[in-house]
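Everything below belongs to target_2.tsv, which stores TSV, C-alpha atoms.
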```
chain	number	residue	atom	x	y	z
A	25	MET	CA	-93.27	129.12	-18.81
A	26	THR	CA	-93.57	129.45	-15.07
A	27	GLY	CA	-91.13	131.85	-13.51
A	28	SER	CA	-88.46	130.81	-11.04
A	29	GLU	CA	-90.11	132.92	-8.37
A	30	ASP	CA	-92.75	130.17	-7.91
A	31	SER	CA	-90.35	128.16	-5.74
A	32	PRO	CA	-87.88	129.55	-3.16
A	33	ALA	CA	-85.64	126.50	-3.67
A	34	PHE	CA	-84.98	123.92	-6.34
A	35	ARG	CA	-86.03	120.47	-5.11
A	36	LEU	CA	-84.18	117.66	-6.86
A	37	ALA	CA	-85.18	114.06	-6.19
A	38	TYR	CA	-82.95	111.12	-7.10
A	39	VAL	CA	-83.29	107.36	-7.07
A	40	PRO	CA	-80.84	104.97	-5.36
A	41	GLY	CA	-77.57	104.44	-7.19
A	42	VAL	CA	-77.59	107.83	-8.94
A	43	ILE	CA	-74.99	110.27	-7.65
A	44	PRO	CA	-75.97	113.92	-8.28
A	45	ALA	CA	-72.96	115.49	-6.48
A	46	LYS	CA	-71.25	116.94	-9.59
A	47	TRP	CA	-74.38	118.69	-10.85
A	48	VAL	CA	-75.27	119.94	-7.37
A	49	ARG	CA	-71.82	121.51	-7.03
A	50	ILE	CA	-72.20	123.36	-10.35
A	51	TRP	CA	-75.68	124.54	-9.33
A	52	ASN	CA	-74.35	125.94	-6.04
A	53	GLU	CA	-71.63	127.81	-7.92
A	54	ARG	CA	-74.00	129.33	-10.48
A	55	ARG	CA	-77.24	129.84	-8.56
A	56	THR	CA	-76.09	131.16	-5.21
A	57	ASP	CA	-79.48	132.86	-4.88
A	58	VAL	CA	-81.48	129.61	-5.03
A	59	PRO	CA	-80.66	126.73	-2.65
A	60	LEU	CA	-80.90	123.18	-4.00
A	61	THR	CA	-82.63	120.59	-1.82
A	62	LEU	CA	-81.88	116.89	-2.41
A	63	LEU	CA	-84.57	114.24	-1.89
A	64	GLN	CA	-83.68	110.55	-2.09
A	65	VAL	CA	-86.70	108.51	-3.11
A	66	ALA	CA	-87.45	104.93	-4.11
A	67	ALA	CA	-87.63	104.31	-7.85
A	68	ALA	CA	-91.27	103.24	-7.56
A	69	ASP	CA	-92.28	106.51	-5.86
A	70	VAL	CA	-90.43	109.12	-7.90
A	71	GLY	CA	-93.20	109.63	-10.48
A	72	ASP	CA	-95.81	110.42	-7.83
A	73	LEU	CA	-93.40	112.80	-6.10
A	74	LEU	CA	-93.03	114.82	-9.32
A	75	LEU	CA	-96.71	114.86	-10.17
A	76	THR	CA	-97.78	116.01	-6.71
A	77	GLY	CA	-95.36	118.93	-6.92
A	78	ASP	CA	-93.17	117.77	-4.05
A	79	ALA	CA	-90.10	117.87	-6.31
A	80	ASP	CA	-89.25	120.15	-9.23
A	81	ALA	CA	-87.21	117.52	-11.09
A	82	ALA	CA	-85.69	114.10	-10.50
A	83	LEU	CA	-82.82	111.90	-11.59
A	84	VAL	CA	-84.62	108.68	-12.48
A	85	ARG	CA	-84.22	105.38	-14.26
A	86	LEU	CA	-86.19	105.04	-17.46
A	87	PRO	CA	-88.89	104.28	-18.36
A	88	VAL	CA	-91.19	107.01	-17.01
A	89	ASP	CA	-94.73	107.93	-17.99
A	90	ARG	CA	-94.08	110.15	-21.03
A	91	THR	CA	-97.71	111.28	-21.19
A	92	VAL	CA	-97.20	113.48	-18.12
A	93	LEU	CA	-93.43	113.60	-17.59
A	94	SER	CA	-90.63	114.98	-19.75
A	95	ALA	CA	-87.24	113.25	-19.66
A	96	ILE	CA	-83.72	113.77	-20.98
A	97	SER	CA	-81.42	110.74	-21.08
A	98	LEU	CA	-78.10	111.38	-19.37
A	99	TYR	CA	-76.13	108.13	-19.48
A	100	THR	CA	-76.46	104.36	-19.70
A	101	GLU	CA	-75.29	101.81	-17.13
A	102	ILE	CA	-74.28	98.23	-17.73
A	103	SER	CA	-76.02	95.52	-15.74
A	104	VAL	CA	-74.22	93.08	-13.46
A	105	VAL	CA	-75.13	89.93	-11.57
A	106	VAL	CA	-74.61	90.01	-7.81
A	107	VAL	CA	-73.49	86.67	-6.39
A	108	PRO	CA	-71.86	85.27	-3.23
A	109	LYS	CA	-68.06	85.32	-3.41
A	110	ASP	CA	-67.91	81.52	-3.51
A	111	HIS	CA	-70.29	81.31	-6.49
A	112	VAL	CA	-68.92	79.85	-9.73
A	113	VAL	CA	-69.57	83.19	-11.50
A	114	ALA	CA	-66.95	84.85	-9.31
A	115	ALA	CA	-64.25	82.88	-11.16
A	116	VAL	CA	-64.91	84.59	-14.54
A	117	ASP	CA	-64.74	88.16	-15.84
A	118	GLU	CA	-68.24	88.32	-17.37
A	119	VAL	CA	-71.25	86.12	-18.08
A	120	THR	CA	-74.30	85.92	-20.33
A	121	ALA	CA	-77.93	85.50	-19.31
A	122	GLU	CA	-77.74	81.88	-20.44
A	123	ASP	CA	-74.95	81.25	-17.92
A	124	LEU	CA	-77.52	81.91	-15.17
A	125	ALA	CA	-79.99	79.31	-16.43
A	126	ASP	CA	-79.54	77.04	-13.41
A	127	ASP	CA	-79.70	79.82	-10.81
A	128	ILE	CA	-82.71	81.34	-9.07
A	129	VAL	CA	-82.65	84.90	-10.40
A	130	LEU	CA	-84.43	87.31	-8.05
A	131	HIS	CA	-86.73	89.91	-9.59
A	132	PRO	CA	-87.58	92.67	-7.08
A	133	LEU	CA	-90.72	94.76	-7.50
A	134	ASP	CA	-88.67	97.94	-7.96
A	135	ASP	CA	-86.61	96.48	-10.82
A	136	THR	CA	-86.40	98.85	-13.82
A	137	LEU	CA	-84.56	96.59	-16.29
A	138	ALA	CA	-86.67	95.96	-19.38
A	139	TRP	CA	-86.36	92.18	-19.64
A	140	GLU	CA	-87.97	90.48	-22.63
A	141	SER	CA	-87.45	87.15	-20.93
A	142	LEU	CA	-86.14	86.80	-17.40
A	143	PRO	CA	-83.03	84.63	-17.10
A	144	GLY	CA	-82.67	81.68	-14.73
A	145	ARG	CA	-85.35	80.16	-12.56
A	146	PRO	CA	-87.93	82.40	-10.84
A	147	ALA	CA	-88.11	82.69	-7.05
A	148	ILE	CA	-91.27	81.67	-5.21
A	149	GLU	CA	-91.90	85.30	-4.28
A	150	ARG	CA	-90.64	88.60	-5.64
A	151	PRO	CA	-88.69	90.71	-3.10
A	152	ALA	CA	-90.23	94.11	-2.45
A	153	THR	CA	-87.03	96.08	-3.04
A	154	THR	CA	-83.53	95.67	-4.45
A	155	GLU	CA	-82.18	96.00	-0.91
A	156	ASP	CA	-84.31	93.05	0.18
A	157	ALA	CA	-83.06	91.04	-2.80
A	158	ILE	CA	-79.44	91.73	-1.84
A	159	GLU	CA	-80.13	90.24	1.59
A	160	LEU	CA	-81.52	87.11	-0.06
A	161	VAL	CA	-78.42	86.80	-2.27
A	162	ALA	CA	-76.24	87.04	0.84
A	163	ALA	CA	-78.35	84.25	2.37
A	164	GLY	CA	-77.62	82.03	-0.61
A	165	ILE	CA	-81.21	82.00	-1.91
A	166	GLY	CA	-80.49	83.28	-5.41
A	167	VAL	CA	-78.63	85.82	-7.56
A	168	LEU	CA	-79.65	89.31	-8.68
A	169	VAL	CA	-79.13	91.28	-11.90
A	170	VAL	CA	-79.06	95.05	-11.34
A	171	PRO	CA	-77.51	98.22	-12.77
A	172	GLN	CA	-73.86	98.43	-11.70
A	173	SER	CA	-74.37	101.49	-9.50
A	174	LEU	CA	-76.90	99.58	-7.39
A	175	ALA	CA	-74.43	96.72	-6.92
A	176	ARG	CA	-71.91	99.28	-5.68
A	177	LEU	CA	-74.47	100.98	-3.47
A	178	HIS	CA	-75.36	97.71	-1.74
A	179	HIS	CA	-71.81	96.38	-1.61
A	180	ARG	CA	-71.08	93.73	0.99
A	181	LYS	CA	-67.82	91.95	1.80
A	182	ASP	CA	-69.40	88.55	1.23
A	183	LEU	CA	-70.76	89.47	-2.23
A	184	THR	CA	-69.26	90.32	-5.61
A	185	TYR	CA	-70.62	91.09	-9.09
A	186	ARG	CA	-69.79	90.48	-12.75
A	187	PRO	CA	-71.07	92.14	-15.98
A	188	VAL	CA	-73.89	90.37	-17.85
A	189	THR	CA	-73.07	91.12	-21.47
A	190	ASP	CA	-76.54	90.60	-22.96
A	191	ALA	CA	-78.68	91.96	-20.11
A	192	PRO	CA	-80.80	95.10	-20.63
A	193	GLU	CA	-78.94	98.29	-19.73
A	194	SER	CA	-80.27	100.97	-17.41
A	195	GLN	CA	-80.79	104.52	-18.68
A	196	VAL	CA	-80.53	107.35	-16.16
A	197	ALA	CA	-82.47	110.50	-17.05
A	198	LEU	CA	-83.51	113.89	-15.76
A	199	SER	CA	-87.30	114.03	-15.54
A	200	TRP	CA	-89.85	116.70	-14.58
A	201	PRO	CA	-93.61	117.34	-14.99
A	202	GLU	CA	-94.31	118.26	-18.60
A	203	ASP	CA	-96.56	121.16	-17.61
A	204	ARG	CA	-94.05	122.65	-15.13
A	205	THR	CA	-90.92	123.42	-17.16
A	206	THR	CA	-89.84	126.31	-14.93
A	207	ASP	CA	-86.85	128.58	-15.35
A	208	LEU	CA	-85.10	126.64	-12.58
A	209	VAL	CA	-85.69	123.39	-14.43
A	210	GLU	CA	-84.23	125.00	-17.57
A	211	ASP	CA	-81.19	126.04	-15.56
A	212	PHE	CA	-80.65	122.48	-14.32
A	213	ILE	CA	-81.11	121.08	-17.82
A	214	GLY	CA	-78.29	123.35	-18.95
A	215	ILE	CA	-76.07	122.04	-16.16
A	216	VAL	CA	-76.63	118.33	-16.84
A	217	ARG	CA	-76.07	118.93	-20.56
A	218	GLY	CA	-72.75	120.58	-19.86
A	219	ARG	CA	-73.62	124.06	-21.05
A	220	THR	CA	-71.53	126.97	-19.85
A	221	VAL	CA	-73.02	129.72	-17.74
A	222	ASN	CA	-73.05	132.07	-20.76
A	223	SER	CA	-74.45	129.53	-23.21
A	224	SER	CA	-77.11	130.93	-25.51
A	225	ARG	CA	-78.93	127.57	-25.31
A	226	GLY	CA	-79.51	127.86	-21.58
A	227	ARG	CA	-82.45	129.52	-19.85
A	228	ARG	CA	-84.22	132.23	-21.80
A	229	GLN	CA	-82.38	135.51	-21.62
A	230	GLU	CA	-84.06	138.91	-21.53
A	231	PRO	CA	-83.74	140.56	-24.95
A	232	GLU	CA	-81.10	143.25	-25.07
A	233	ALA	CA	-82.18	146.84	-25.71
A	234	GLU	CA	-81.98	147.61	-29.40
A	235	GLN	CA	-79.17	149.96	-30.23
A	236	PRO	CA	-79.96	152.95	-32.49
A	237	LYS	CA	-78.85	152.30	-36.00
A	238	THR	CA	-76.26	154.67	-37.46
A	239	LYS	CA	-76.44	155.50	-41.14
A	240	LYS	CA	-73.38	154.44	-42.99
A	241	ARG	CA	-71.69	157.23	-44.84
A	242	SER	CA	-70.93	156.46	-48.43
A	243	GLY	CA	-67.37	156.64	-49.63
A	244	THR	CA	-67.91	159.91	-51.54
A	245	GLU	CA	-70.16	161.70	-49.05
A	246	GLY	CA	-68.57	164.79	-47.48
A	247	THR	CA	-65.44	164.71	-49.65
A	248	ALA	CA	-64.40	167.16	-52.33
A	249	ARG	CA	-64.75	165.99	-55.88
A	250	LYS	CA	-61.60	165.77	-57.87
A	251	PRO	CA	-61.57	168.02	-60.93
A	252	VAL	CA	-61.49	166.28	-64.26
A	253	ALA	CA	-58.18	166.85	-65.97
A	254	GLY	CA	-58.29	169.62	-68.60
A	255	ARG	CA	-61.83	170.73	-67.77
A	256	SER	CA	-60.88	174.22	-66.42
A	257	ALA	CA	-58.57	174.91	-69.32
A	258	GLY	CA	-61.22	173.86	-71.76
A	259	ARG	CA	-63.70	176.29	-70.33
A	260	GLY	CA	-61.25	179.18	-70.65
A	261	ALA	CA	-60.13	178.24	-74.16
A	262	GLY	CA	-63.64	177.87	-75.45
A	263	LYS	CA	-64.57	181.44	-74.48
A	264	GLY	CA	-61.35	183.31	-75.03
A	265	GLY	CA	-59.80	182.59	-71.69
A	266	ALA	CA	-58.92	185.63	-69.62
A	267	ALA	CA	-59.13	187.91	-72.68
A	268	GLY	CA	-62.70	186.81	-73.27
A	269	ARG	CA	-63.59	187.51	-69.66
A	270	GLY	CA	-61.98	190.92	-69.91
A	271	ALA	CA	-63.86	191.76	-73.09
A	272	ARG	CA	-67.15	190.76	-71.57
A	273	SER	CA	-66.58	192.94	-68.54
A	274	GLY	CA	-65.45	195.97	-70.58
A	275	GLY	CA	-61.86	195.81	-69.32
A	276	SER	CA	-58.73	196.55	-71.27
A	277	GLY	CA	-58.11	192.98	-72.05
A	278	LYS	CA	-54.35	193.28	-71.44
A	279	ALA	CA	-54.08	189.85	-70.03
A	280	GLY	CA	-53.87	187.56	-73.00
A	281	GLY	CA	-54.78	190.39	-75.57
A	282	ALA	CA	-52.65	191.93	-78.47
A	283	ARG	CA	-49.57	193.83	-77.28
A	284	GLN	CA	-49.65	197.64	-77.86
A	285	GLY	CA	-46.51	199.11	-79.61
A	286	LYS	CA	-45.12	202.73	-79.93
A	287	PRO	CA	-46.59	204.97	-82.73
A	288	ARG	CA	-44.35	205.07	-85.78
A	289	ARG	CA	-42.70	208.46	-86.60
A	290	LYS	CA	-43.73	210.12	-89.86
A	291	SER	CA	-40.88	210.83	-92.17
```
Translate the structure of the given file into structure tokens.
Amino acid sequence: MTGSEDSPAFRLAYVPGVIPAKWVRIWNERRTDVPLTLLQVAAADVGDLLLTGDADAALVRLPVDRTVLSAISLYTEISVVVVPKDHVVAAVDEVTAEDLADDIVLHPLDDTLAWESLPGRPAIERPATTEDAIELVAAGIGVLVVPQSLARLHHRKDLTYRPVTDAPESQVALSWPEDRTTDLVEDFIGIVRGRTVNSSRGRRQEPEAEQPKTKKRSGTEGTARKPVAGRSAGRGAGKGGAAGRGARSGGSGKAGGARQGKPRRKS
């Protein structure tokens, strides 16, 4: 793993509609030693930015090229249709793709929704960007299905949007070059996954110095043994007790021996 010293700052790219503010705030609280630089980039360009090393990681919309980029899904967005405020769709709470069958549905080149079959009627030309498509919707040329955050980003007073219940959803992910999973990237992964600063699943920690092991003392070690009841008395009784000890040592044997009486007078 490449060390965090390879980059003096953490460069985070993000595509339009994604708001990284919460994660940036947590980064600035935890990594006061490493500034975070934000780079807004078009969805079509974010992969090249990562592969050329101009960004350490990026908040992207899936799919990405998984052969060279790693990615962690963060959340899923519903898709909405952007229409003029006087459009018939504005009168309902939600629609289906079939409800758009009579409309020209714009399909910009930077669209990331994985359509199996595009709804509505196709435009003569595809707009280059979502922003360009929004301008065409405002001009009454067609409607546009986008992730909800993009509809909010390009909000206009003359436009509104409604959920499309069966449209593909948009997955937002954190992505980075597979061969450059640096310590700083690991730190940011921990942040977006909601790990605490002391989480053991965060960036690799240096192993702690091994503490010397102390031998456990057994319960009987260093304590006096209790005498077995009757053992001392048994020893003395078996060998004559104190009298026996006295006899062996040549003593008088008064302790425990026969009592001496006065000599009897002869008559």
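Among the candidate residues A:Glu202, A:Glu118, A:Glu155, A:Glu210, the one lying nearest to Val88 (chain A) is A:Glu202, with distances computed using only C-alpha atoms.
Minimum atom-to-atom distances from A:Val119, A:Pro132, A:His179, A:Arg186 to Pro146 (chain A) were compared using only C-alpha atoms, and the lowest value belongs to A:Pro132.
Near region 39-44 of chain A, within 7 Å and counting all atoms listed in the file, sit Val48, Gln64, Val65, Ala66, Ala67, Leu83, Val84, Ser173, Leu174 and Leu177 of chain A, not including residues fewer than 4 positions from it in the same chain.
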Written selection (C-alpha atoms) as a tab-separated table (two decimals), keeping the file's coordinate frame:
```tsv
chain	number	residue	atom	x	y	z
A	48	VAL	CA	-75.27	119.94	-7.37
A	64	GLN	CA	-83.68	110.55	-2.09
A	65	VAL	CA	-86.70	108.51	-3.11
A	66	ALA	CA	-87.45	104.93	-4.11
A	67	ALA	CA	-87.63	104.31	-7.85
A	83	LEU	CA	-82.82	111.90	-11.59
A	84	VAL	CA	-84.62	108.68	-12.48
A	173	SER	CA	-74.37	101.49	-9.50
A	174	LEU	CA	-76.90	99.58	-7.39
A	177	LEU	CA	-74.47	100.98	-3.47
```
Practice item. Taking the point (-74.8, 103.6, -21.7) as given in the file, collect each protein or nucleic acid residue that comes within 12 Å of it, counting only C-alpha atoms, and present the set as an MDAnalysis selection string. Key: chainID A and resid 97:103 171:172 192:197
Do you have, as CSV, the list of residues of region 108-215 of chain A lying at most 12 Å from region 70-80 of chain A, each with its nearest atom pair and that distance in Å to one decimal, counting only C-alpha atoms and ordered by chain then number?
```
residue,atom,partner,partner_atom,distance
A:Asp134,CA,A:Val70,CA,11.3
A:Leu198,CA,A:Asp80,CA,10.7
A:Ser199,CA,A:Leu74,CA,8.5
A:Trp200,CA,A:Asp80,CA,6.4
A:Pro201,CA,A:Leu74,CA,6.2
A:Glu202,CA,A:Leu75,CA,9.4
A:Asp203,CA,A:Leu75,CA,9.8
A:Arg204,CA,A:Asp80,CA,8.0
A:Thr205,CA,A:Asp80,CA,8.7
A:Thr206,CA,A:Asp80,CA,8.4
A:Asp207,CA,A:Asp80,CA,10.7
A:Leu208,CA,A:Asp80,CA,8.4
A:Val209,CA,A:Asp80,CA,7.1
A:Glu210,CA,A:Asp80,CA,10.9
A:Asp211,CA,A:Asp80,CA,11.8
A:Phe212,CA,A:Asp80,CA,10.3
A:Ile213,CA,A:Asp80,CA,11.9
```
